[in-house]
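Peer 1: First the structure, which I've put down as structure tokens, then a few questions once you've had a look.
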Amino acid sequence: MVLRGQRGRPAGGDVDADAPPRVRKLNRDPATLLHPPPGLQVLFDTVVGDTPWGTEDGVITPLGDGLSRATVRGDQVTQTGPRDLWDTAERIYDAWLGLGRPGLERMGVTVTPEEQFVWLDDPAVPLSYTWK
């Protein structure tokens, strides 16, 4: 699980921050990620980060962490910076679906001086998915 202090570090090694934008077609309707239910929102906030979601001039700019940004225009997403934030959000969404769409009544967050993790159903067992 990615900790807050690890955000901004790309999975699998360093990525050139000046790399050209990565553009691809969307895999799903962006509304599924822009209006997450509370349980999914917990996962987004913990793994992706407390990132702003919004629109600018009809263009959806759902994710940005200061280093990376994902912008949805029409049926395409453009991702810049070291992290593919939209790809990560999609993987979290798919994992959440696979877990049975858990709500807040089944989830929690444990924070200690040594670690931080989200748990499902048992506070002693971290959700141990790789969100790479």
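For the structure tokens, the naming scheme is as follows: chains receive sequential letters (A, B, ...) according to their order of presentation, residues are indexed from 1 within each chain, and ligands are indexed from 1 in presentation order.
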Apply DSSP to the backbone of this structure and, from segment 77-110 of chain A, keep only the residues in strand (DSSP E or B); write these as a PyMOL selection string.

Peer 2: chain A and resi 77-80+107-110

Peer 1: Quick one: everything within 12 Å of Arg106 of chain A, counting only C-alpha atoms, minus sequence neighbours fewer than 3 positions away in the same chain. Send it as a list in words.

Peer 2: Pro38, Gly39, Leu40, Val42, Leu99, Gly100, Arg101, Pro102, Gly103, Val109, Val118, Trp119, Leu120, Asp121, Asp122, Pro123 and Leu127 of chain A

Peer 1: Output N, CA, C and O atoms for every residue in that selection, as a short mmCIF file (atom, residue, chain, number, x, y, z; two decimals), in the first residue's frame.

Peer 2:
data_model
loop_
_atom_site.label_atom_id
_atom_site.label_comp_id
_atom_site.auth_asym_id
_atom_site.auth_seq_id
_atom_site.Cartn_x
_atom_site.Cartn_y
_atom_site.Cartn_z
N PRO A 38 -19.00 6.58 -0.80
CA PRO A 38 -18.06 6.81 0.31
C PRO A 38 -16.97 5.76 0.47
O PRO A 38 -15.82 6.10 0.74
N GLY A 39 -17.27 4.48 0.33
CA GLY A 39 -16.25 3.44 0.49
C GLY A 39 -15.15 3.57 -0.55
O GLY A 39 -13.96 3.45 -0.24
N LEU A 40 -15.53 3.83 -1.77
CA LEU A 40 -14.55 4.02 -2.84
C LEU A 40 -13.76 5.30 -2.62
O LEU A 40 -12.56 5.36 -2.86
N VAL A 42 -12.83 6.57 0.19
CA VAL A 42 -11.79 6.29 1.18
C VAL A 42 -10.55 5.73 0.48
O VAL A 42 -9.42 6.13 0.75
N LEU A 99 -14.29 -6.48 -4.57
CA LEU A 99 -14.49 -6.70 -3.13
C LEU A 99 -15.96 -6.64 -2.74
O LEU A 99 -16.30 -6.78 -1.57
N GLY A 100 -16.84 -6.43 -3.72
CA GLY A 100 -18.26 -6.37 -3.44
C GLY A 100 -18.78 -4.98 -3.13
O GLY A 100 -19.78 -4.82 -2.47
N ARG A 101 -18.07 -3.95 -3.58
CA ARG A 101 -18.47 -2.55 -3.38
C ARG A 101 -18.64 -2.19 -1.90
O ARG A 101 -19.66 -1.66 -1.48
N PRO A 102 -17.65 -2.47 -1.08
CA PRO A 102 -17.81 -2.21 0.35
C PRO A 102 -18.03 -0.74 0.66
O PRO A 102 -17.43 0.14 0.04
N GLY A 103 -18.90 -0.51 1.64
CA GLY A 103 -19.17 0.84 2.11
C GLY A 103 -18.37 1.14 3.37
O GLY A 103 -17.58 0.31 3.84
N VAL A 109 -9.46 3.00 8.46
CA VAL A 109 -8.07 3.37 8.22
C VAL A 109 -7.33 3.30 9.55
O VAL A 109 -7.80 3.83 10.55
N VAL A 118 -5.46 0.93 4.95
CA VAL A 118 -6.90 0.77 4.91
C VAL A 118 -7.19 -0.69 5.18
O VAL A 118 -6.47 -1.57 4.72
N TRP A 119 -8.24 -0.98 5.94
CA TRP A 119 -8.62 -2.35 6.20
C TRP A 119 -10.08 -2.55 5.79
O TRP A 119 -10.85 -1.60 5.68
N LEU A 120 -10.40 -3.81 5.57
CA LEU A 120 -11.75 -4.21 5.19
C LEU A 120 -12.19 -5.33 6.13
O LEU A 120 -11.54 -6.39 6.17
N ASP A 121 -13.23 -5.10 6.89
CA ASP A 121 -13.84 -6.08 7.79
C ASP A 121 -13.03 -6.41 9.04
O ASP A 121 -13.60 -6.78 10.04
N ASP A 122 -11.71 -6.31 9.02
CA ASP A 122 -10.90 -6.65 10.19
C ASP A 122 -9.79 -5.60 10.35
O ASP A 122 -8.87 -5.53 9.54
N PRO A 123 -9.87 -4.78 11.41
CA PRO A 123 -8.88 -3.71 11.60
C PRO A 123 -7.44 -4.20 11.72
O PRO A 123 -6.51 -3.42 11.56
N LEU A 127 -5.71 -4.04 3.84
CA LEU A 127 -6.03 -4.34 2.45
C LEU A 127 -4.68 -4.35 1.73
O LEU A 127 -3.99 -3.35 1.72
#

Peer 1: Tell me which of A:Leu85, A:Ile92, A:Ala70, A:Val111 sits closest to Pro36 of chain A, counting only C-alpha atoms.

Peer 2: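 Ranking A:Leu85, A:Ile92, A:Ala70, A:Val111 by distance to Pro36 of chain A, first place goes to A:Ile92.
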
Peer 1: Could you pull the residues within 8 Å of Val48 of chain A, counting only C-alpha atoms, minus those fewer than 4 positions along the same chain, as a ChimeraX atom specification?

Peer 2: /A:7,43-44,85,88-89

Peer 1: Which residue gives the smallest distance to Thr32 of chain A among A:Asp45, A:Glu115, A:Glu105, A:Asp94, with only C-alpha atoms counted?

Peer 2: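 Closest residue, counting only C-alpha atoms: A:Asp94.
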
Peer 1: Show me, as a VMD selection string, the residues that have an atom within 8 Å of segment 21-25 of chain A when counting only C-alpha atoms, minus same-chain residues fewer than 2 positions from it.

Peer 2: chain A and resid 19 27 75 to 81

Peer 1: Rounded to one decimal place, report the atom CA of Asp87 of chain A-atom CA of Ala31 of chain A distance in Å.

Peer 2: 14.6 Å

Peer 1: In Å, how far is it from atom CA of Gly49 of chain A to atom CA of His35 of chain A?

Peer 2: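 Between atom CA of Gly49 of chain A and atom CA of His35 of chain A the gap works out to 15.6 Å.
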
Peer 1: May I ask for the distance between atom CA of Val47 of chain A and atom CA of Met107 of chain A, given in Å to one decimal place?

Peer 2: 14.1 Å
